[in-house]
file model11.cif (mmCIF, C-alpha atoms)
data_protein
#
loop_
_atom_site.label_atom_id
_atom_site.label_comp_id
_atom_site.auth_asym_id
_atom_site.auth_seq_id
_atom_site.Cartn_x
_atom_site.Cartn_y
_atom_site.Cartn_z
CA MET A 1 -0.94 -5.19 -6.40
CA LYS A 2 -2.01 -4.16 -2.89
CA ALA A 3 -5.17 -3.92 -0.83
CA VAL A 4 -5.67 -1.67 2.19
CA GLY A 5 -8.80 -1.64 4.31
CA ASN A 6 -10.50 -2.10 7.64
CA VAL A 7 -11.14 -5.60 8.95
CA HIS A 8 -14.55 -7.18 9.35
CA ARG A 9 -14.00 -10.25 11.54
CA PHE A 10 -15.81 -13.58 11.19
CA GLY A 11 -15.21 -16.99 12.72
CA ASP A 12 -14.78 -20.56 11.50
CA ASN A 13 -16.91 -22.46 9.00
CA ILE A 14 -18.56 -19.46 7.37
CA ASP A 15 -20.49 -21.26 4.67
CA THR A 16 -21.86 -19.97 1.40
CA ASP A 17 -25.40 -19.83 2.86
CA VAL A 18 -24.12 -17.33 5.43
CA ILE A 19 -22.15 -15.35 2.83
CA ILE A 20 -25.24 -15.04 0.62
CA PRO A 21 -28.39 -16.70 1.93
CA ALA A 22 -30.18 -19.03 -0.50
CA ARG A 23 -33.33 -16.89 -0.39
CA TYR A 24 -31.48 -14.29 -2.50
CA LEU A 25 -30.23 -16.65 -5.18
CA ASN A 26 -33.06 -15.76 -7.52
CA THR A 27 -30.75 -13.04 -8.88
CA SER A 28 -27.23 -13.02 -10.22
CA ASP A 29 -27.01 -9.21 -10.13
CA PRO A 30 -23.83 -8.41 -8.15
CA ALA A 31 -25.27 -5.16 -6.75
CA GLU A 32 -28.32 -6.97 -5.38
CA LEU A 33 -26.21 -9.77 -3.93
CA ALA A 34 -23.97 -7.18 -2.24
CA VAL A 35 -26.93 -5.75 -0.32
CA HIS A 36 -27.44 -9.14 1.35
CA CYS A 37 -23.79 -10.16 1.78
CA MET A 38 -23.10 -11.73 5.20
CA GLU A 39 -26.65 -10.81 6.25
CA ASP A 40 -27.22 -13.92 8.38
CA ALA A 41 -23.87 -13.56 10.20
CA ASP A 42 -24.01 -9.79 10.65
CA PRO A 43 -27.14 -7.94 9.50
CA THR A 44 -25.24 -4.63 9.62
CA PHE A 45 -22.34 -5.75 7.42
CA ALA A 46 -23.62 -4.54 4.04
CA GLY A 47 -24.41 -1.12 5.51
CA ARG A 48 -21.01 -0.75 7.19
CA VAL A 49 -18.57 -2.24 4.68
CA GLN A 50 -16.59 0.33 2.72
CA ALA A 51 -14.85 -0.10 -0.61
CA GLY A 52 -11.47 -1.67 0.03
CA ASP A 53 -12.35 -3.30 3.36
CA ILE A 54 -11.04 -6.75 4.22
CA ILE A 55 -12.72 -9.81 5.69
CA ALA A 56 -10.66 -11.79 8.20
CA ALA A 57 -11.99 -15.22 9.12
CA GLY A 58 -11.14 -18.50 10.73
CA SER A 59 -10.84 -21.89 9.11
CA ASN A 60 -12.89 -23.39 6.28
CA PHE A 61 -14.20 -20.07 4.95
CA GLY A 62 -16.65 -20.58 2.07
CA CYS A 63 -17.60 -24.15 2.89
CA GLY A 64 -20.95 -25.49 1.76
CA SER A 65 -22.35 -25.36 -1.74
CA SER A 66 -20.31 -24.50 -4.79
CA ARG A 67 -22.26 -21.39 -5.72
CA GLU A 68 -20.19 -18.62 -7.24
CA HIS A 69 -22.72 -16.13 -5.87
CA ALA A 70 -20.77 -16.11 -2.57
CA PRO A 71 -17.51 -14.57 -3.81
CA ILE A 72 -19.48 -12.35 -6.21
CA ALA A 73 -21.48 -10.94 -3.27
CA ILE A 74 -18.30 -10.29 -1.28
CA LYS A 75 -16.54 -8.57 -4.16
CA ALA A 76 -19.62 -6.53 -5.11
CA ALA A 77 -19.97 -5.38 -1.48
CA GLY A 78 -16.59 -3.67 -1.91
CA VAL A 79 -14.36 -6.13 -0.07
CA SER A 80 -10.85 -6.00 -1.53
CA CYS A 81 -9.56 -9.22 0.01
CA VAL A 82 -10.47 -12.12 2.29
CA ILE A 83 -7.81 -13.36 4.69
CA ALA A 84 -8.58 -16.66 6.39
CA GLU A 85 -6.90 -19.51 8.21
CA SER A 86 -8.13 -21.77 5.41
CA PHE A 87 -10.67 -21.80 2.58
CA ALA A 88 -13.00 -24.45 1.26
CA ARG A 89 -11.49 -25.68 -2.01
CA ILE A 90 -14.43 -24.73 -4.24
CA PHE A 91 -14.71 -21.24 -2.73
CA TYR A 92 -10.98 -20.74 -3.25
CA ARG A 93 -11.31 -21.54 -6.95
CA ASN A 94 -14.54 -19.55 -7.39
CA ALA A 95 -12.92 -16.51 -5.77
CA ILE A 96 -10.04 -16.59 -8.24
CA ASN A 97 -12.42 -17.20 -11.13
CA ILE A 98 -14.38 -14.02 -10.35
CA GLY A 99 -11.31 -11.96 -9.42
CA LEU A 100 -11.67 -11.78 -5.63
CA PRO A 101 -8.24 -11.83 -3.97
CA ILE A 102 -7.99 -14.29 -1.09
CA VAL A 103 -5.06 -14.95 1.21
CA GLU A 104 -4.54 -18.02 3.34
CA CYS A 105 -2.54 -16.88 6.37
CA PRO A 106 -3.54 -18.52 9.66
CA ALA A 107 -1.39 -16.31 11.91
CA ALA A 108 -2.69 -13.07 10.41
CA ALA A 109 -6.30 -14.25 10.36
CA GLN A 110 -6.15 -15.30 14.02
CA ALA A 111 -4.55 -12.05 15.18
CA MET A 112 -6.80 -9.56 13.38
CA THR A 113 -9.67 -7.96 15.22
CA GLN A 114 -12.72 -6.03 14.08
CA GLY A 115 -11.73 -2.59 12.79
CA ASP A 116 -7.99 -3.20 12.42
CA ARG A 117 -6.50 -1.47 9.38
CA VAL A 118 -4.63 -3.96 7.21
CA GLU A 119 -2.47 -3.85 4.09
CA VAL A 120 -1.93 -6.87 1.86
CA ASP A 121 0.82 -6.97 -0.75
CA PHE A 122 -0.20 -9.68 -3.20
CA ASP A 123 3.19 -9.68 -4.94
CA THR A 124 5.15 -10.60 -1.81
CA GLY A 125 2.45 -12.23 0.34
CA ARG A 126 3.12 -9.72 3.12
CA VAL A 127 0.15 -8.94 5.38
CA THR A 128 0.68 -5.91 7.61
CA ASN A 129 -1.67 -4.98 10.41
CA LEU A 130 -1.29 -1.21 10.28
CA THR A 131 -3.13 -0.88 13.60
CA THR A 132 -0.76 -3.08 15.59
CA GLY A 133 2.34 -3.02 13.39
CA ALA A 134 2.41 -6.83 13.20
CA GLU A 135 3.58 -8.38 9.93
CA TYR A 136 2.80 -11.81 8.53
CA THR A 137 3.87 -13.72 5.45
CA ALA A 138 1.53 -15.72 3.28
CA GLU A 139 2.35 -17.61 0.13
CA PRO A 140 1.76 -15.17 -2.74
CA PHE A 141 -0.21 -16.27 -5.77
CA PRO A 142 1.89 -17.14 -8.78
CA PRO A 143 2.00 -14.37 -11.41
CA PHE A 144 -0.55 -16.06 -13.72
CA ILE A 145 -3.17 -16.15 -10.92
CA GLN A 146 -2.38 -12.56 -9.98
CA LYS A 147 -2.99 -11.65 -13.62
CA ILE A 148 -6.41 -13.37 -13.56
CA ILE A 149 -7.34 -11.40 -10.43
CA GLU A 150 -6.00 -8.12 -11.85
CA ASP A 151 -8.04 -8.67 -15.02
CA GLY A 152 -11.21 -9.05 -12.94
CA GLY A 153 -11.61 -12.81 -13.14
CA LEU A 154 -11.07 -15.74 -15.46
CA ILE A 155 -13.66 -14.79 -18.10
CA LYS A 156 -12.34 -11.24 -18.40
CA HIS A 157 -8.78 -12.57 -18.43
CA ILE A 158 -9.53 -14.95 -21.31
CA SER A 159 -11.51 -12.27 -23.15
CA SER A 160 -8.57 -9.86 -22.92
CA GLY A 161 -6.53 -12.15 -25.12
CA ILE A 162 -4.23 -13.27 -22.33
#
call {"tool": "encode", "arguments": {"input": "model11.cif", "output": "structure tokens"}}
result
Amino acid sequence: MKAVGNVHRFGDNIDTDVIIPARYLNTSDPAELAVHCMEDADPTFAGRVQAGDIIAAGSNFGCGSSREHAPIAIKAAGVSCVIAESFARIFYRNAINIGLPIVECPAAAQAMTQGDRVEVDFDTGRVTNLTTGAEYTAEPFPPFIQKIIEDGGLIKHISSGI
């Protein structure tokens, strides 16, 4: 499984209130959440993000509350993968549970800039910056987690009869 897209760059400690502000939590509709994704960090993000794009961020991405709305908003906005130096534990698990691929790779996350074109190979953990030619290695997910992501999340995975 691979993802290829343009990078949208964010910094450290991007919390769930920045990913999807609390004022929009009166809905669980993914399409509505997508419209407001990252709105407080970059009001133009939802209008610029294209299907397949990638978020690159610093450390502690997804910190804050445990709401699953945050990874749902990111995935519904069309983001194919989040690459960060590190993730908050609950966001990490919520992302897998809803089928949003995430990659913890500090070197790649630090080196990427806004607009870089990046390819991520989830089977090998290879992250390639197609703009600069730089390659990085992250720890790939084990096959059972890759299967959960490929199936679209934990609920869909369980419903498919494993």
call {"tool": "resolve_selection", "arguments": {"input": "model11.cif", "expression": "the PyMOL selection byres ((chain A and resi 46) around 12)", "output": "ChimeraX atom specification"}}
result
/A:8,19-20,31-45,47-51,53,73-79
call {"tool": "atom_distance", "arguments": {"input": "model11.cif", "atom1": "CA of Ala107 in chain A", "atom2": "CA of His69 in chain A"}}
result
27.8 Å
call {"tool": "resolve_selection", "arguments": {"input": "model11.cif", "expression": "the PyMOL selection byres ((chain A and resi 119) around 9)", "output": "NGL selection string"}}
result
:A and (2-6 or 117-118 or 120-121 or 126-130)
call {"tool": "atom_distance", "arguments": {"input": "model11.cif", "atom1": "CA of Thr16 in chain A", "atom2": "CA of Ile149 in chain A"}}
result
20.6 Å
call {"tool": "closest_residue", "arguments": {"input": "model11.cif", "among": "A:Thr132, A:Ser80, A:Thr124, A:Asn94", "to": "Gly52 in chain A", "atoms": "all atoms listed in the file"}}
result
A:Ser80
call {"tool": "resolve_selection", "arguments": {"input": "model11.cif", "expression": "the PyMOL selection byres ((chain A and resi 106) around 8)", "output": "list in words"}}
result
Gly58, Ala84, Glu85, Ser86, Glu104, Cys105, Ala107, Ala108, Ala109 and Gln110 of chain A
call {"tool": "atom_distance", "arguments": {"input": "model11.cif", "atom1": "CA of Cys63 in chain A", "atom2": "CA of Gly11 in chain A"}}
result
12.4 Å
call {"tool": "residues_around", "arguments": {"input": "model11.cif", "residues": "Gly125 in chain A", "least_positions_apart": "6", "cutoff": "8 Å", "atoms": "only C-alpha atoms", "output": "count of residues only"}}
result
5
call {"tool": "residues_around", "arguments": {"input": "model11.cif", "residues": "Ser65 in chain A", "least_positions_apart": "3", "cutoff": "10 Å", "atoms": "only C-alpha atoms", "output": "ChimeraX atom specification"}}
result
/A:15-17,62,68,70,88,90-91
call {"tool": "closest_residue", "arguments": {"input": "model11.cif", "among": "A:Met112, A:Ile72, A:Ile14, A:Ala56", "to": "Pro30 in chain A", "atoms": "only C-alpha atoms"}}
result
A:Ile72
call {"tool": "closest_residue", "arguments": {"input": "model11.cif", "among": "A:Ser66, A:Val18, A:Ala111, A:Asn97", "to": "Ile158 in chain A", "atoms": "all atoms listed in the file"}}
result
A:Asn97
call {"tool": "axis_aligned_box", "arguments": {"input": "model11.cif", "around": "range 45-51 of chain A", "padding_each_side": "4 Å", "output": "lines of an AutoDock Vina configuration file"}}
result
center_x = -19.6
center_y = -2.7
center_z = 3.4
size_x = 17.6
size_y = 14.1
size_z = 16.0
call {"tool": "residues_around", "arguments": {"input": "model11.cif", "residues": "Ile145 in chain A", "least_positions_apart": "4", "cutoff": "12 Å", "atoms": "only C-alpha atoms", "output": "short mmCIF file (atom, residue, chain, number, x, y, z; two decimals) with C-alpha atoms, in the frame of the given file"}}
result
data_model
loop_
_atom_site.label_atom_id
_atom_site.label_comp_id
_atom_site.auth_asym_id
_atom_site.auth_seq_id
_atom_site.Cartn_x
_atom_site.Cartn_y
_atom_site.Cartn_z
CA TYR A 92 -10.98 -20.74 -3.25
CA ARG A 93 -11.31 -21.54 -6.95
CA ALA A 95 -12.92 -16.51 -5.77
CA ILE A 96 -10.04 -16.59 -8.24
CA ASN A 97 -12.42 -17.20 -11.13
CA ILE A 98 -14.38 -14.02 -10.35
CA GLY A 99 -11.31 -11.96 -9.42
CA LEU A 100 -11.67 -11.78 -5.63
CA PRO A 101 -8.24 -11.83 -3.97
CA ILE A 102 -7.99 -14.29 -1.09
CA PHE A 122 -0.20 -9.68 -3.20
CA ASP A 123 3.19 -9.68 -4.94
CA PRO A 140 1.76 -15.17 -2.74
CA PHE A 141 -0.21 -16.27 -5.77
CA ILE A 149 -7.34 -11.40 -10.43
CA GLU A 150 -6.00 -8.12 -11.85
CA ASP A 151 -8.04 -8.67 -15.02
CA GLY A 152 -11.21 -9.05 -12.94
CA GLY A 153 -11.61 -12.81 -13.14
CA LEU A 154 -11.07 -15.74 -15.46
CA HIS A 157 -8.78 -12.57 -18.43
CA ILE A 162 -4.23 -13.27 -22.33
#
call {"tool": "closest_residue", "arguments": {"input": "model11.cif", "among": "A:Ser28, A:Gly133, A:Ser160, A:Gln114", "to": "Lys147 in chain A", "atoms": "only C-alpha atoms"}}
result
A:Ser160
call {"tool": "closest_residue", "arguments": {"input": "model11.cif", "among": "A:Arg89, A:Cys81, A:Tyr136, A:Ile155", "to": "Gly64 in chain A", "atoms": "only C-alpha atoms"}}
result
A:Arg89
call {"tool": "decode", "arguments": {"input": "model11.cif", "residues": "range 124-149 of chain A", "atoms": "N, CA and C atoms", "output": "PDB file, in the first residue's frame"}}
result
ATOM      1  N   THR A 124       7.040  -1.133   3.460  1.00  0.00           N
ATOM      2  CA  THR A 124       8.463  -1.099   3.809  1.00  0.00           C
ATOM      3  C   THR A 124       8.811  -0.010   4.825  1.00  0.00           C
ATOM      4  N   GLY A 125       7.929   0.968   4.994  1.00  0.00           N
ATOM      5  CA  GLY A 125       8.223   2.101   5.868  1.00  0.00           C
ATOM      6  C   GLY A 125       9.044   3.176   5.178  1.00  0.00           C
ATOM      7  N   ARG A 126       9.271   3.039   3.881  1.00  0.00           N
ATOM      8  CA  ARG A 126      10.081   4.015   3.147  1.00  0.00           C
ATOM      9  C   ARG A 126       9.257   5.271   2.856  1.00  0.00           C
ATOM     10  N   VAL A 127       9.843   6.418   3.196  1.00  0.00           N
ATOM     11  CA  VAL A 127       9.260   7.724   2.906  1.00  0.00           C
ATOM     12  C   VAL A 127      10.217   8.410   1.943  1.00  0.00           C
ATOM     13  N   THR A 128       9.715   8.754   0.757  1.00  0.00           N
ATOM     14  CA  THR A 128      10.556   9.379  -0.258  1.00  0.00           C
ATOM     15  C   THR A 128      10.026  10.766  -0.570  1.00  0.00           C
ATOM     16  N   ASN A 129      10.880  11.760  -0.398  1.00  0.00           N
ATOM     17  CA  ASN A 129      10.524  13.113  -0.800  1.00  0.00           C
ATOM     18  C   ASN A 129      10.841  13.212  -2.285  1.00  0.00           C
ATOM     19  N   LEU A 130       9.823  13.156  -3.110  1.00  0.00           N
ATOM     20  CA  LEU A 130      10.007  13.158  -4.558  1.00  0.00           C
ATOM     21  C   LEU A 130      10.515  14.512  -5.065  1.00  0.00           C
ATOM     22  N   THR A 131      10.328  15.553  -4.272  1.00  0.00           N
ATOM     23  CA  THR A 131      10.804  16.886  -4.645  1.00  0.00           C
ATOM     24  C   THR A 131      12.310  16.996  -4.478  1.00  0.00           C
ATOM     25  N   THR A 132      12.821  16.473  -3.378  1.00  0.00           N
ATOM     26  CA  THR A 132      14.250  16.603  -3.083  1.00  0.00           C
ATOM     27  C   THR A 132      15.041  15.335  -3.374  1.00  0.00           C
ATOM     28  N   GLY A 133      14.366  14.209  -3.492  1.00  0.00           N
ATOM     29  CA  GLY A 133      15.046  12.933  -3.685  1.00  0.00           C
ATOM     30  C   GLY A 133      15.478  12.260  -2.393  1.00  0.00           C
ATOM     31  N   ALA A 134      15.271  12.907  -1.263  1.00  0.00           N
ATOM     32  CA  ALA A 134      15.676  12.340   0.025  1.00  0.00           C
ATOM     33  C   ALA A 134      14.785  11.158   0.387  1.00  0.00           C
ATOM     34  N   GLU A 135      15.391  10.149   1.007  1.00  0.00           N
ATOM     35  CA  GLU A 135      14.654   8.965   1.445  1.00  0.00           C
ATOM     36  C   GLU A 135      14.855   8.761   2.929  1.00  0.00           C
ATOM     37  N   TYR A 136      13.804   8.278   3.582  1.00  0.00           N
ATOM     38  CA  TYR A 136      13.801   8.063   5.020  1.00  0.00           C
ATOM     39  C   TYR A 136      13.161   6.707   5.289  1.00  0.00           C
ATOM     40  N   THR A 137      13.493   6.139   6.432  1.00  0.00           N
ATOM     41  CA  THR A 137      12.902   4.855   6.798  1.00  0.00           C
ATOM     42  C   THR A 137      12.194   4.981   8.129  1.00  0.00           C
ATOM     43  N   ALA A 138      10.945   4.592   8.118  1.00  0.00           N
ATOM     44  CA  ALA A 138      10.137   4.535   9.334  1.00  0.00           C
ATOM     45  C   ALA A 138       9.834   3.070   9.620  1.00  0.00           C
ATOM     46  N   GLU A 139       9.408   2.797  10.812  1.00  0.00           N
ATOM     47  CA  GLU A 139       9.007   1.436  11.156  1.00  0.00           C
ATOM     48  C   GLU A 139       7.634   1.176  10.524  1.00  0.00           C
ATOM     49  N   PRO A 140       7.543   0.200   9.631  1.00  0.00           N
ATOM     50  CA  PRO A 140       6.236  -0.066   9.019  1.00  0.00           C
ATOM     51  C   PRO A 140       5.281  -0.692  10.032  1.00  0.00           C
ATOM     52  N   PHE A 141       3.989  -0.496   9.814  1.00  0.00           N
ATOM     53  CA  PHE A 141       3.003  -1.170  10.644  1.00  0.00           C
ATOM     54  C   PHE A 141       3.083  -2.668  10.401  1.00  0.00           C
ATOM     55  N   PRO A 142       2.796  -3.457  11.420  1.00  0.00           N
ATOM     56  CA  PRO A 142       2.707  -4.890  11.186  1.00  0.00           C
ATOM     57  C   PRO A 142       1.541  -5.187  10.236  1.00  0.00           C
ATOM     58  N   PRO A 143       1.575  -6.324   9.568  1.00  0.00           N
ATOM     59  CA  PRO A 143       0.536  -6.644   8.577  1.00  0.00           C
ATOM     60  C   PRO A 143      -0.898  -6.545   9.099  1.00  0.00           C
ATOM     61  N   PHE A 144      -1.152  -6.938  10.359  1.00  0.00           N
ATOM     62  CA  PHE A 144      -2.529  -6.886  10.856  1.00  0.00           C
ATOM     63  C   PHE A 144      -3.032  -5.443  10.980  1.00  0.00           C
ATOM     64  N   ILE A 145      -2.162  -4.492  11.316  1.00  0.00           N
ATOM     65  CA  ILE A 145      -2.581  -3.088  11.375  1.00  0.00           C
ATOM     66  C   ILE A 145      -2.751  -2.547   9.962  1.00  0.00           C
ATOM     67  N   GLN A 146      -1.872  -2.923   9.052  1.00  0.00           N
ATOM     68  CA  GLN A 146      -2.042  -2.516   7.658  1.00  0.00           C
ATOM     69  C   GLN A 146      -3.383  -2.998   7.122  1.00  0.00           C
ATOM     70  N   LYS A 147      -3.776  -4.198   7.507  1.00  0.00           N
ATOM     71  CA  LYS A 147      -5.062  -4.749   7.055  1.00  0.00           C
ATOM     72  C   LYS A 147      -6.227  -3.929   7.617  1.00  0.00           C
ATOM     73  N   ILE A 148      -6.151  -3.505   8.856  1.00  0.00           N
ATOM     74  CA  ILE A 148      -7.195  -2.655   9.452  1.00  0.00           C
ATOM     75  C   ILE A 148      -7.305  -1.365   8.661  1.00  0.00           C
ATOM     76  N   ILE A 149      -6.176  -0.746   8.343  1.00  0.00           N
ATOM     77  CA  ILE A 149      -6.171   0.507   7.583  1.00  0.00           C
ATOM     78  C   ILE A 149      -6.715   0.275   6.179  1.00  0.00           C
TER      79      ILE A 149
END
